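Shown below: run-v5.txt, with compact mmCIF, C-alpha atoms.
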```
# COMPACT_ATOMS: atom_id res chain seq x y z
CA MET U 252 -13.98 -14.06 11.73
CA PHE U 253 -15.92 -11.59 9.61
CA ASP U 254 -19.06 -13.73 9.51
CA SER U 255 -19.21 -13.87 13.31
CA LEU U 256 -18.82 -10.08 13.58
CA LYS U 257 -20.72 -8.65 10.63
CA ALA U 258 -23.76 -7.96 12.81
CA GLU U 259 -21.50 -5.77 15.01
CA ASN U 260 -21.22 -2.78 12.72
CA PHE U 261 -17.91 -4.06 11.42
CA MET U 262 -16.44 -4.38 7.94
CA VAL U 263 -13.33 -5.94 6.47
CA VAL U 264 -11.79 -4.34 3.41
CA ALA U 265 -9.26 -6.68 1.81
CA VAL U 266 -7.15 -4.89 -0.78
CA ALA U 267 -5.07 -6.85 -3.27
CA GLU U 268 -1.80 -5.03 -4.01
CA GLU U 269 -1.74 -6.48 -7.50
CA SER U 270 -0.08 -4.69 -10.39
CA ARG U 271 -0.97 -7.56 -12.74
CA GLY U 272 -4.55 -6.41 -12.27
CA ALA U 273 -7.84 -7.95 -11.19
CA GLU U 274 -7.35 -11.23 -13.08
CA ALA U 275 -4.31 -12.13 -10.97
CA ALA U 276 -6.38 -11.77 -7.80
CA ARG U 277 -9.61 -13.30 -9.11
CA PRO U 278 -8.99 -17.02 -8.34
CA TRP U 279 -8.25 -16.28 -4.66
CA ILE U 280 -11.21 -13.96 -4.20
CA GLU U 281 -13.66 -16.25 -5.99
CA GLN U 282 -12.51 -19.26 -4.01
CA ALA U 283 -12.90 -17.45 -0.67
CA ALA U 284 -16.12 -15.71 -1.80
CA PRO U 285 -16.16 -13.55 1.33
CA GLY U 286 -18.99 -11.24 2.33
CA TYR U 287 -16.66 -8.27 2.75
CA TRP U 288 -15.16 -5.88 0.23
CA CYS U 289 -12.34 -7.28 -1.91
CA LEU U 290 -10.72 -4.49 -3.88
CA ILE U 291 -7.91 -4.35 -6.44
CA ASP U 292 -5.08 -1.82 -6.09
CA GLN U 293 -3.02 -2.06 -9.25
CA ASP U 294 -0.83 0.95 -8.40
CA HIS U 295 -0.33 0.12 -4.68
CA ARG U 296 -1.93 3.48 -3.89
CA LEU U 297 -3.29 2.23 -0.57
CA ALA U 298 0.19 1.15 0.55
CA ALA U 299 1.53 4.59 -0.36
CA LEU U 300 -1.29 6.46 1.40
CA TYR U 301 -0.95 4.50 4.64
CA GLY U 302 2.81 3.96 4.50
CA MET U 303 2.52 0.18 4.26
CA VAL U 304 5.63 -1.74 3.17
CA ASN U 305 4.55 -5.39 3.20
CA VAL U 306 1.56 -7.73 2.90
CA PRO U 307 -0.48 -8.48 4.83
CA GLN U 308 -0.55 -5.16 6.67
CA CYS U 309 -3.57 -3.42 8.09
CA ALA U 310 -4.96 -0.33 9.71
CA TRP U 311 -7.82 -0.34 12.21
CA ILE U 312 -10.30 2.45 11.53
CA ASP U 313 -12.96 3.39 14.06
CA GLU U 314 -16.56 4.54 13.54
CA GLN U 315 -15.43 8.16 13.21
CA GLY U 316 -13.02 7.29 10.42
CA ARG U 317 -9.97 7.62 12.69
CA VAL U 318 -6.94 5.33 12.47
CA VAL U 319 -6.62 3.68 15.88
CA ARG U 320 -3.88 1.16 14.97
CA GLY U 321 -1.44 0.59 12.21
CA PRO U 322 -0.05 0.13 9.80
CA GLU U 323 1.06 -3.21 11.20
CA ALA U 324 1.33 -6.83 10.06
CA THR U 325 -2.09 -8.51 10.07
CA GLY U 326 -1.06 -11.39 12.31
CA SER U 327 1.78 -12.61 10.08
CA THR U 328 5.09 -13.49 11.70
CA ASP U 329 8.71 -14.23 10.85
CA HIS U 330 8.45 -17.97 11.55
CA PHE U 331 8.73 -18.62 7.80
CA ARG U 332 12.34 -17.45 7.93
CA GLN U 333 13.24 -20.68 9.74
CA MET U 334 11.76 -22.93 7.07
CA ASP U 335 13.86 -25.56 5.34
CA LEU U 336 14.58 -23.86 2.04
CA ALA U 337 15.41 -27.10 0.23
CA THR U 338 11.95 -28.53 0.84
CA ARG U 339 10.13 -25.26 1.57
CA THR U 340 8.63 -26.83 4.68
CA MET U 341 8.31 -25.75 8.29
CA THR U 342 8.44 -27.98 11.37
CA PRO U 343 5.16 -28.70 13.17
CA ASP U 344 6.36 -26.53 16.09
CA LEU U 345 6.95 -23.56 13.82
CA LEU U 346 3.62 -24.02 12.07
CA GLU U 347 1.90 -24.20 15.43
CA ALA U 348 3.61 -21.03 16.70
CA ARG U 349 2.77 -19.22 13.48
CA ASN U 350 -0.85 -20.28 13.67
CA ALA U 351 -1.09 -19.30 17.35
CA ALA U 352 0.11 -15.78 16.51
CA ARG U 353 -2.49 -15.46 13.73
CA VAL U 354 -5.26 -16.65 16.01
CA SER U 355 -4.10 -14.28 18.73
CA TYR U 356 -4.16 -11.36 16.27
CA MET U 357 -7.66 -12.19 15.05
CA ASP U 358 -8.78 -12.53 18.68
CA ALA U 359 -7.48 -9.01 19.28
CA VAL U 360 -9.45 -7.72 16.29
CA ARG U 361 -12.58 -9.45 17.59
CA ASP U 362 -11.96 -7.97 21.04
CA TRP U 363 -11.67 -4.49 19.50
CA VAL U 364 -14.89 -4.88 17.54
CA LEU U 365 -16.82 -6.07 20.59
CA THR U 366 -15.28 -3.95 23.35
CA GLY U 367 -13.07 -1.26 21.80
CA ARG U 368 -9.97 -2.73 23.47
CA HIS U 369 -6.57 -2.51 21.73
CA ALA U 370 -7.46 0.75 19.99
CA LEU U 371 -4.47 3.00 20.66
CA ALA U 372 -4.76 6.42 22.26
CA GLU U 373 -3.95 9.24 19.82
CA ASP U 374 -0.36 9.73 20.98
CA ALA U 375 0.40 6.02 20.71
CA ALA U 376 -1.33 5.77 17.33
CA ARG U 377 0.78 8.68 16.09
CA ALA U 378 3.97 7.17 17.49
CA ALA U 379 3.27 3.97 15.52
CA LEU U 380 2.98 5.79 12.18
CA PRO U 381 5.70 5.53 9.57
CA ARG U 382 7.43 8.76 8.56
CA ILE U 383 7.25 9.50 4.85
CA THR U 384 10.60 10.87 3.66
CA PRO U 385 11.13 12.76 0.37
CA ASP U 386 12.91 9.60 -0.88
CA ILE U 387 9.83 7.49 -0.10
CA ALA U 388 7.54 10.01 -1.82
CA MET U 389 9.79 9.85 -4.90
CA ALA U 390 9.96 6.03 -4.70
CA ASP U 391 6.15 5.85 -4.82
CA THR U 392 6.20 8.09 -7.90
CA HIS U 393 8.77 5.86 -9.65
CA PHE U 394 6.74 2.78 -8.75
CA ARG U 395 3.53 4.19 -10.18
CA LEU U 396 5.28 5.18 -13.41
CA GLY U 397 6.81 1.69 -13.58
CA VAL U 398 3.41 0.01 -13.25
CA TRP U 399 1.97 2.20 -16.01
CA LEU U 400 4.90 1.53 -18.35
CA HIS U 401 4.76 -2.21 -17.66
CA ARG U 402 1.03 -2.26 -18.42
CA HIS U 403 1.71 -0.45 -21.69
CA GLY U 404 4.30 -2.91 -22.98
CA LYS U 405 7.42 -1.04 -21.86
CA ALA U 406 8.84 -3.59 -19.45
CA THR U 407 12.46 -2.54 -19.88
CA GLU U 408 11.82 1.10 -19.10
CA ALA U 409 9.49 0.04 -16.27
CA ALA U 410 12.29 -2.03 -14.71
CA THR U 411 14.52 1.03 -14.35
CA HIS U 412 11.78 2.81 -12.40
CA PHE U 413 11.11 -0.22 -10.20
CA ALA U 414 14.83 -0.46 -9.44
CA GLU U 415 14.95 3.22 -8.54
CA ALA U 416 11.85 2.83 -6.33
CA SER U 417 13.51 0.02 -4.36
CA ARG U 418 16.77 1.95 -4.13
CA LEU U 419 14.97 4.96 -2.66
CA HIS U 420 12.69 2.89 -0.39
CA PRO U 421 14.56 -0.32 0.44
CA ASP U 422 12.20 -1.12 3.35
CA SER U 423 9.28 -1.65 0.97
CA TRP U 424 8.91 -5.36 0.33
CA ASN U 425 5.75 -4.50 -1.61
CA MET U 426 7.63 -2.63 -4.32
CA TRP U 427 10.50 -5.07 -4.53
CA ARG U 428 8.37 -8.21 -4.61
CA GLN U 429 5.79 -6.77 -7.01
CA ALA U 430 8.55 -5.79 -9.44
CA ALA U 431 10.13 -9.26 -9.10
CA ASP U 432 6.76 -10.87 -9.78
CA LEU U 433 6.07 -8.72 -12.83
CA ASP U 434 9.23 -10.14 -14.36
CA PRO U 435 8.69 -13.94 -14.40
CA VAL U 436 5.88 -15.08 -12.12
CA GLY U 437 7.22 -16.60 -8.91
CA ASN U 438 10.35 -14.48 -8.62
CA ALA U 439 8.87 -12.71 -5.59
CA SER U 440 9.64 -15.86 -3.59
CA GLY U 441 12.75 -16.90 -5.50
CA GLU U 442 16.42 -16.99 -4.54
CA ALA U 443 16.81 -13.23 -4.64
CA PHE U 444 13.92 -12.91 -2.20
CA TRP U 445 15.56 -15.28 0.29
CA ALA U 446 18.88 -13.48 -0.06
CA ARG U 447 17.10 -10.22 0.72
CA VAL U 448 15.37 -11.79 3.74
CA ALA U 449 18.72 -13.16 5.00
CA ALA U 450 20.19 -9.67 4.65
CA LEU U 451 17.69 -8.43 7.25
CA GLY U 452 19.77 -10.11 9.94
CA ASP U 453 18.15 -9.29 13.27
CA ARG U 454 15.61 -6.91 11.74
CA PRO U 455 12.07 -8.29 11.36
CA PHE U 456 10.28 -8.99 8.07
CA TYR U 457 6.98 -8.68 9.97
CA LYS U 458 7.43 -6.42 12.97
CA PRO U 459 5.35 -8.00 15.77
CA PRO U 460 2.40 -5.84 16.81
CA ASP U 461 2.35 -4.78 20.43
CA LEU U 462 -0.65 -6.83 21.58
CA PRO U 463 -1.04 -8.85 24.76
CA GLY U 464 -0.40 -12.55 24.15
CA PHE U 465 0.97 -12.03 20.62
CA HIS U 466 4.20 -13.95 20.06
CA GLY U 467 5.86 -13.26 16.73
CA MET M 894 -3.15 13.05 -25.95
CA THR M 895 -1.08 12.78 -22.80
CA ASN M 896 -1.62 10.63 -19.71
CA VAL M 897 -1.38 12.10 -16.24
CA LEU M 898 -1.47 10.04 -13.04
CA SER M 899 -2.19 11.75 -9.73
CA ASP M 900 -3.76 10.97 -6.36
CA ALA M 901 -7.10 11.80 -7.99
CA GLY M 902 -6.71 8.99 -10.54
CA ASP M 903 -5.52 8.37 -14.11
CA PHE M 904 -6.34 11.02 -16.70
CA THR M 905 -5.95 11.49 -20.44
CA VAL M 906 -5.71 15.13 -21.42
CA ASP M 907 -5.16 17.39 -24.37
CA ALA M 908 -1.81 18.99 -23.58
CA SER M 909 0.30 21.49 -25.44
CA GLU M 910 4.05 22.22 -25.13
CA GLY M 911 4.92 19.48 -22.63
CA LEU M 912 2.08 19.55 -20.14
CA ARG M 913 0.36 22.91 -20.39
CA LEU M 914 -3.28 22.26 -19.47
CA THR M 915 -6.52 24.15 -19.33
CA PRO M 916 -7.28 25.34 -15.78
CA ASP M 917 -10.21 22.89 -15.67
CA ASP M 918 -7.98 19.91 -16.46
CA ALA M 919 -5.37 21.12 -13.99
CA GLU M 920 -8.02 21.29 -11.27
CA ARG M 921 -9.46 17.83 -12.04
CA ILE M 922 -6.00 16.30 -11.80
CA THR M 923 -4.51 18.20 -8.87
CA GLY M 924 -7.40 19.69 -6.87
CA TRP M 925 -5.75 23.14 -7.29
CA THR M 926 -7.82 25.94 -8.91
CA LEU M 927 -6.39 28.78 -11.00
CA LYS M 928 -7.44 32.16 -9.54
CA PRO M 929 -6.13 35.70 -10.05
CA GLU M 930 -3.94 35.30 -6.94
CA GLY M 931 -2.37 32.02 -8.11
CA MET M 932 -3.21 28.32 -7.76
CA CYS M 933 -5.52 27.77 -4.79
CA ARG M 934 -6.68 24.76 -2.78
CA GLY M 935 -8.99 25.41 0.16
CA ALA M 936 -7.71 28.50 1.95
CA VAL M 937 -4.19 28.19 0.53
CA CYS M 938 -3.11 30.15 -2.55
CA VAL M 939 0.34 29.83 -4.13
CA PRO M 940 1.37 32.80 -6.28
CA LEU M 941 2.91 31.74 -9.57
CA PRO M 942 5.34 33.41 -11.98
CA ALA M 943 3.34 34.72 -14.97
CA ALA M 944 5.15 32.32 -17.33
CA MET M 945 3.53 29.34 -15.58
CA THR M 946 0.03 30.43 -16.57
CA SER M 947 0.64 32.26 -19.85
CA GLY M 948 -1.81 31.73 -22.71
CA GLY M 949 -4.58 30.73 -20.32
CA ARG M 950 -2.94 27.35 -19.64
CA VAL M 951 -1.23 26.02 -16.55
CA ASP M 952 2.29 24.65 -16.92
CA LEU M 953 1.59 21.67 -14.68
CA PRO M 954 5.14 20.26 -14.33
CA ALA M 955 6.47 23.73 -13.47
CA PHE M 956 3.69 24.23 -10.94
CA TRP M 957 4.25 20.79 -9.38
CA ARG M 958 8.00 21.43 -9.06
CA HIS M 959 7.21 24.87 -7.63
CA LEU M 960 5.31 23.07 -4.84
CA GLY M 961 8.32 20.81 -4.29
CA ASN M 962 6.32 17.68 -5.10
CA PRO M 963 7.69 14.56 -6.84
CA LEU M 964 7.22 14.58 -10.59
CA LEU M 965 8.27 12.09 -13.26
CA THR M 966 7.71 11.47 -16.93
CA ASP M 967 8.72 8.60 -19.23
CA ALA M 968 11.28 8.80 -22.04
CA ALA M 969 8.57 9.39 -24.68
CA LYS M 970 6.75 11.95 -22.49
CA GLU M 971 3.56 9.93 -22.96
CA VAL M 972 2.78 9.87 -19.26
CA TRP M 973 3.42 12.12 -16.28
CA VAL M 974 3.15 11.12 -12.64
CA LEU M 975 2.37 13.81 -10.08
CA GLY M 976 3.24 12.43 -6.65
CA ALA M 977 2.12 13.78 -3.29
CA GLY M 978 4.87 15.48 -1.28
CA ALA M 979 6.29 13.87 1.87
CA GLU M 980 5.33 16.69 4.24
CA GLU M 981 1.74 16.78 3.01
CA ARG M 982 1.51 13.01 3.45
CA ASN M 983 2.98 13.10 6.95
CA ALA M 984 0.59 15.87 7.97
CA SER M 985 -2.32 13.80 6.73
CA LEU M 986 -1.15 10.67 8.60
CA ILE M 987 -0.48 12.56 11.84
CA GLY M 988 -4.04 13.93 11.75
CA LEU M 989 -5.10 10.26 12.21
CA GLU M 990 -8.04 10.70 9.88
CA ALA M 991 -8.02 7.57 7.71
CA PRO M 992 -6.86 8.64 4.24
CA GLY M 993 -9.72 8.20 1.79
CA ILE M 994 -9.35 5.96 -1.24
CA THR M 995 -11.66 4.57 -3.90
CA LEU M 996 -10.74 1.25 -5.52
CA PRO M 997 -12.54 -1.18 -7.84
CA ASP M 998 -13.73 -4.67 -6.97
CA LEU M 999 -13.34 -7.66 -9.34
CA ALA M 1000 -16.26 -6.42 -11.44
CA GLY M 1001 -14.73 -2.97 -11.72
CA VAL M 1002 -17.31 -1.40 -9.40
CA PRO M 1003 -15.68 1.40 -7.37
CA HIS M 1004 -15.91 1.36 -3.56
CA SER M 1005 -15.00 4.29 -1.32
CA LEU M 1006 -13.65 3.82 2.16
CA ALA M 1007 -15.58 6.91 3.24
CA ALA M 1008 -18.87 5.02 2.67
CA LEU M 1009 -18.03 2.85 5.70
CA ARG M 1010 -18.07 5.76 8.18
CA GLY M 1011 -20.05 4.61 11.24
CA LYS M 1012 -18.54 1.11 11.18
CA LYS M 1013 -15.30 -0.24 12.55
CA VAL M 1014 -13.11 -1.25 9.60
CA LEU M 1015 -10.20 -3.67 9.36
CA LEU M 1016 -8.43 -2.37 6.25
CA THR M 1017 -5.95 -5.04 5.25
CA THR M 1018 -3.76 -5.88 2.27
CA TRP M 1019 -2.74 -9.10 0.58
CA ALA M 1020 -1.15 -10.16 -2.70
CA SER M 1021 -0.82 -13.23 -4.90
CA TRP M 1022 2.94 -12.77 -5.32
```
Would you give me this structure, written as structure tokens?
Amino acid sequence: MFDSLKAENFMVVAVAEESRGAEAARPWIEQAAPGYWCLIDQDHRLAALYGMVNVPQCAWIDEQGRVVRGPEATGSTDHFRQMDLATRTMTPDLLEARNAARVSYMDAVRDWVLTGRHALAEDAARAALPRITPDIAMADTHFRLGVWLHRHGKATEAATHFAEASRLHPDSWNMWRQAADLDPVGNASGEAFWARVAALGDRPFYKPPDLPGFHG
Amino acid sequence: MTNVLSDAGDFTVDASEGLRLTPDDAERITGWTLKPEGMCRGAVCVPLPAAMTSGGRVDLPAFWRHLGNPLLTDAAKEVWVLGAGAEERNASLIGLEAPGITLPDLAGVPHSLAALRGKKVLLTTWASW
């Protein structure tokens, strides 16, 4: 998508929320070798600043530096919750629906770049913002301390701060999954992850963006 | 030396008695400047009890708590984290001006979102986990 739009005064900034640091993100970035900015956010500072709670999430920023959408899921959907957990596979129908939603989201981005459509009016953009509570502000502080301690060889002490961060901000999948991954690699998608997803019940993992033709 | 993490970045400072810093260090880390009327940022000045600035140093944890902002340190008091307060963050979001951030690429080269003013930007996250 970016290559077809880069002549249109458009830029993608892809930020890796990656507390293991740049090396954990390197293979993906080097394989994709995109022409846009790929940045590393070890402390999840971007997520905190914009009130993001999951990946991938995005904000649309206009030429004046104003947020005109977001944060919202970047085309990802909850279809994965219906996968067969024994084989970790999805039916062709589910894969197709998931792919259609992604394509529809990227079409909306393209439409915005070319025509300005789908940018929200100020009131609607404000209404879509998350509200930062004192608990969330404290959770971000615990998380940042946890990342620092983990990086400096104090994994046990770090774990107590990660646990407190998730207790104070249970809606943040970013904090919970990053902490799980910093323990043994892969835990972010392990049994505890699926138990936490199941506990959502009717609540979405990826809240569907309000865009015409988008089916989450 | 003591480590201090704030919205402005990660710092290593020469601290005395907990986290009493020179006014210059306090300003670098917090964006607040020590003036005769208190700690000031832009047009806002917060008067401080004399004990918080005695000896020509700013008692940063006391000041941060005075503002009502989140503050944490580790068991060994090697590192302090000064978080931004919820109300300040909400006010910034509601203004709809995209919060500025500078982050490194794979080579460690810093990039600032502000440099992209004049373009439409899709700012998106991902992770390997």
Check your understanding: Once you count all atoms listed in the file, which residues of chain U turn out to be within 7 Å of chain M? Could you give them as JSON, numbers by chain?
Key -> {"U": [260, 261, 262, 263, 264, 265, 266, 267, 268, 269, 273, 276, 277, 289, 290, 291, 292, 300, 306, 307, 308, 309, 310, 311, 312, 313, 314, 315, 316, 317, 318, 364, 377, 382, 383, 384, 385, 388, 389, 392, 396, 429, 432, 437, 439]}
Exercise for review: Provide the CA of Thr366 in chain U to CA of Pro463 in chain U distance in Å, to one decimal place.
Suggested key: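 If I compute the distance from CA of Thr366 in chain U to CA of Pro463 in chain U, I get 15.1 Å.
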Exercise for review: Give me, please, the distance in Å between CA of Ser255 in chain U and CA of Ala298 in chain U, quoted to one decimal.
Suggested key: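 These two atoms are separated by 27.7 Å.
Between CA of Val319 in chain U and CA of Asn425 in chain U the interatomic distance comes to 22.9 Å.
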Point to revise | Distance criterion (all atoms listed in the file): nearest to Ala299 in chain U out of U:His393, U:Arg339, U:Arg428, U:Arg361 | key: U:His393
Exercise for review: Go through M:Leu960, M:Pro929, M:Arg934, M:Arg913 one by one, measure the shortest atom-to-atom distance of each to Ser947 in chain M using all atoms listed in the file, and give the residue with the smallest value.
Suggested key: M:Arg913
**Study point:** Nearest to Glu930 in chain M by atom-to-atom distance, counting all atoms listed in the file, from M:Ala943, M:Asp918, M:Glu910, M:Asp952
**Key:** M:Ala943
Given the point (1.7, 23.1, -12.4) in the file's coordinates, find the residues that have an atom at most 9 Å from it, counting all atoms listed in the file, and give them as a CSV table (one decimal) with C-alpha atoms, in the frame of the given file.
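File produced: part.csv:
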```
chain,number,residue,atom,x,y,z
M,912,LEU,CA,2.1,19.6,-20.1
M,913,ARG,CA,0.4,22.9,-20.4
M,914,LEU,CA,-3.3,22.3,-19.5
M,919,ALA,CA,-5.4,21.1,-14.0
M,923,THR,CA,-4.5,18.2,-8.9
M,932,MET,CA,-3.2,28.3,-7.8
M,945,MET,CA,3.5,29.3,-15.6
M,946,THR,CA,0.0,30.4,-16.6
M,951,VAL,CA,-1.2,26.0,-16.6
M,952,ASP,CA,2.3,24.6,-16.9
M,953,LEU,CA,1.6,21.7,-14.7
M,954,PRO,CA,5.1,20.3,-14.3
M,955,ALA,CA,6.5,23.7,-13.5
M,956,PHE,CA,3.7,24.2,-10.9
M,957,TRP,CA,4.2,20.8,-9.4
M,958,ARG,CA,8.0,21.4,-9.1
M,959,HIS,CA,7.2,24.9,-7.6
M,960,LEU,CA,5.3,23.1,-4.8
```
Grab all the atoms of range 971-987 of chain M that the file lists, wrap them in a box along x, y and z, add 5 Å per side, and give me centre plus edge lengths in Å (one decimal) as AutoDock Vina command-line options.
```
--center_x 2.0 --center_y 13.3 --center_z -5.6 --size_x 18.6 --size_y 16.9 --size_z 44.8
```
Check your understanding: Hey, what's within 10 Å of range 444-456 of chain U if we count only C-alpha atoms and toss same-chain stuff fewer than 2 positions away? As a PyMOL selection string, please?
Key -> chain U and resi 304-305+324+327-332+336+422+424+427-428+431+438-442+458-459+467
Would you save the residues from that selection as a PDB file, keeping the file's coordinate frame, using C-alpha atoms?
```pdb
ATOM      1  CA  VAL U 304       5.630  -1.740   3.170  1.00  0.00           C
ATOM      2  CA  ASN U 305       4.550  -5.390   3.200  1.00  0.00           C
ATOM      3  CA  ALA U 324       1.330  -6.830  10.060  1.00  0.00           C
ATOM      4  CA  SER U 327       1.780 -12.610  10.080  1.00  0.00           C
ATOM      5  CA  THR U 328       5.090 -13.490  11.700  1.00  0.00           C
ATOM      6  CA  ASP U 329       8.710 -14.230  10.850  1.00  0.00           C
ATOM      7  CA  HIS U 330       8.450 -17.970  11.550  1.00  0.00           C
ATOM      8  CA  PHE U 331       8.730 -18.620   7.800  1.00  0.00           C
ATOM      9  CA  ARG U 332      12.340 -17.450   7.930  1.00  0.00           C
ATOM     10  CA  LEU U 336      14.580 -23.860   2.040  1.00  0.00           C
ATOM     11  CA  ASP U 422      12.200  -1.120   3.350  1.00  0.00           C
ATOM     12  CA  TRP U 424       8.910  -5.360   0.330  1.00  0.00           C
ATOM     13  CA  TRP U 427      10.500  -5.070  -4.530  1.00  0.00           C
ATOM     14  CA  ARG U 428       8.370  -8.210  -4.610  1.00  0.00           C
ATOM     15  CA  ALA U 431      10.130  -9.260  -9.100  1.00  0.00           C
ATOM     16  CA  ASN U 438      10.350 -14.480  -8.620  1.00  0.00           C
ATOM     17  CA  ALA U 439       8.870 -12.710  -5.590  1.00  0.00           C
ATOM     18  CA  SER U 440       9.640 -15.860  -3.590  1.00  0.00           C
ATOM     19  CA  GLY U 441      12.750 -16.900  -5.500  1.00  0.00           C
ATOM     20  CA  GLU U 442      16.420 -16.990  -4.540  1.00  0.00           C
ATOM     21  CA  LYS U 458       7.430  -6.420  12.970  1.00  0.00           C
ATOM     22  CA  PRO U 459       5.350  -8.000  15.770  1.00  0.00           C
ATOM     23  CA  GLY U 467       5.860 -13.260  16.730  1.00  0.00           C
TER      24      GLY U 467
END
```
Review point. Quick one: residues within 7 Å of Asp386 in chain U, all atoms listed in the file counted, chain neighbours fewer than 3 positions away excluded, as an NGL selection string?
Key: :U and (389-390 or 419-420)
Point to revise | Neighbour list for Gly397 in chain U as a list in words, cut-off 10 Å, all atoms listed in the file, skip fewer than 5 positions in-chain | key: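 So, after excluding close chain neighbours, the residues are Ser270, Asp294, Asp391, Thr392, Arg402, His403, Lys405, Ala406, Thr407, Glu408, Ala409, Ala410, Thr411, His412, Phe413, Ala414, Glu415, Ala416 and Ala430 of chain U; Asp967 of chain M.
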Can you fill out range 321-335 of chain U with N, CA, C and O atoms and hand it back as an mmCIF file, in the coordinates of the input?
```cif
data_model
loop_
_atom_site.group_PDB
_atom_site.id
_atom_site.type_symbol
_atom_site.label_atom_id
_atom_site.label_comp_id
_atom_site.auth_asym_id
_atom_site.auth_seq_id
_atom_site.Cartn_x
_atom_site.Cartn_y
_atom_site.Cartn_z
ATOM 1 N N GLY U 321 -2.030 0.952 13.490
ATOM 2 C CA GLY U 321 -1.440 0.590 12.210
ATOM 3 C C GLY U 321 -0.721 1.759 11.538
ATOM 4 O O GLY U 321 -0.743 2.857 12.051
ATOM 5 N N PRO U 322 -0.056 1.451 10.424
ATOM 6 C CA PRO U 322 -0.050 0.130 9.800
ATOM 7 C C PRO U 322 0.790 -0.876 10.580
ATOM 8 O O PRO U 322 1.821 -0.525 11.133
ATOM 9 N N GLU U 323 0.296 -2.115 10.588
ATOM 10 C CA GLU U 323 1.060 -3.210 11.200
ATOM 11 C C GLU U 323 0.716 -4.509 10.482
ATOM 12 O O GLU U 323 -0.288 -4.588 9.771
ATOM 13 N N ALA U 324 1.566 -5.539 10.692
ATOM 14 C CA ALA U 324 1.330 -6.830 10.060
ATOM 15 C C ALA U 324 0.031 -7.426 10.595
ATOM 16 O O ALA U 324 -0.223 -7.396 11.799
ATOM 17 N N THR U 325 -0.792 -7.949 9.689
ATOM 18 C CA THR U 325 -2.090 -8.510 10.070
ATOM 19 C C THR U 325 -1.915 -9.928 10.588
ATOM 20 O O THR U 325 -2.401 -10.890 9.985
ATOM 21 N N GLY U 326 -1.186 -10.067 11.693
ATOM 22 C CA GLY U 326 -1.060 -11.390 12.310
ATOM 23 C C GLY U 326 0.034 -12.265 11.721
ATOM 24 O O GLY U 326 0.270 -13.373 12.202
ATOM 25 N N SER U 327 0.704 -11.792 10.661
ATOM 26 C CA SER U 327 1.780 -12.610 10.080
ATOM 27 C C SER U 327 3.056 -12.448 10.901
ATOM 28 O O SER U 327 3.280 -11.407 11.509
ATOM 29 N N THR U 328 3.886 -13.470 10.885
ATOM 30 C CA THR U 328 5.090 -13.490 11.700
ATOM 31 C C THR U 328 6.307 -13.898 10.870
ATOM 32 O O THR U 328 6.179 -14.254 9.692
ATOM 33 N N ASP U 329 7.457 -13.875 11.515
ATOM 34 C CA ASP U 329 8.710 -14.230 10.850
ATOM 35 C C ASP U 329 9.057 -15.727 10.958
ATOM 36 O O ASP U 329 10.160 -16.123 10.586
ATOM 37 N N HIS U 330 8.128 -16.534 11.430
ATOM 38 C CA HIS U 330 8.450 -17.970 11.550
ATOM 39 C C HIS U 330 8.904 -18.571 10.218
ATOM 40 O O HIS U 330 9.721 -19.490 10.190
ATOM 41 N N PHE U 331 8.390 -18.050 9.126
ATOM 42 C CA PHE U 331 8.730 -18.620 7.800
ATOM 43 C C PHE U 331 10.224 -18.539 7.514
ATOM 44 O O PHE U 331 10.743 -19.289 6.697
ATOM 45 N N ARG U 332 10.906 -17.610 8.209
ATOM 46 C CA ARG U 332 12.340 -17.450 7.930
ATOM 47 C C ARG U 332 13.144 -18.649 8.411
ATOM 48 O O ARG U 332 14.299 -18.810 8.036
ATOM 49 N N GLN U 333 12.531 -19.469 9.257
ATOM 50 C CA GLN U 333 13.240 -20.680 9.740
ATOM 51 C C GLN U 333 12.862 -21.907 8.932
ATOM 52 O O GLN U 333 13.190 -23.030 9.320
ATOM 53 N N MET U 334 12.153 -21.730 7.833
ATOM 54 C CA MET U 334 11.760 -22.930 7.070
ATOM 55 C C MET U 334 12.963 -23.572 6.391
ATOM 56 O O MET U 334 13.978 -22.922 6.156
ATOM 57 N N ASP U 335 12.840 -24.845 6.088
ATOM 58 C CA ASP U 335 13.860 -25.560 5.340
ATOM 59 C C ASP U 335 13.717 -25.154 3.872
ATOM 60 O O ASP U 335 12.745 -25.512 3.212
#
```
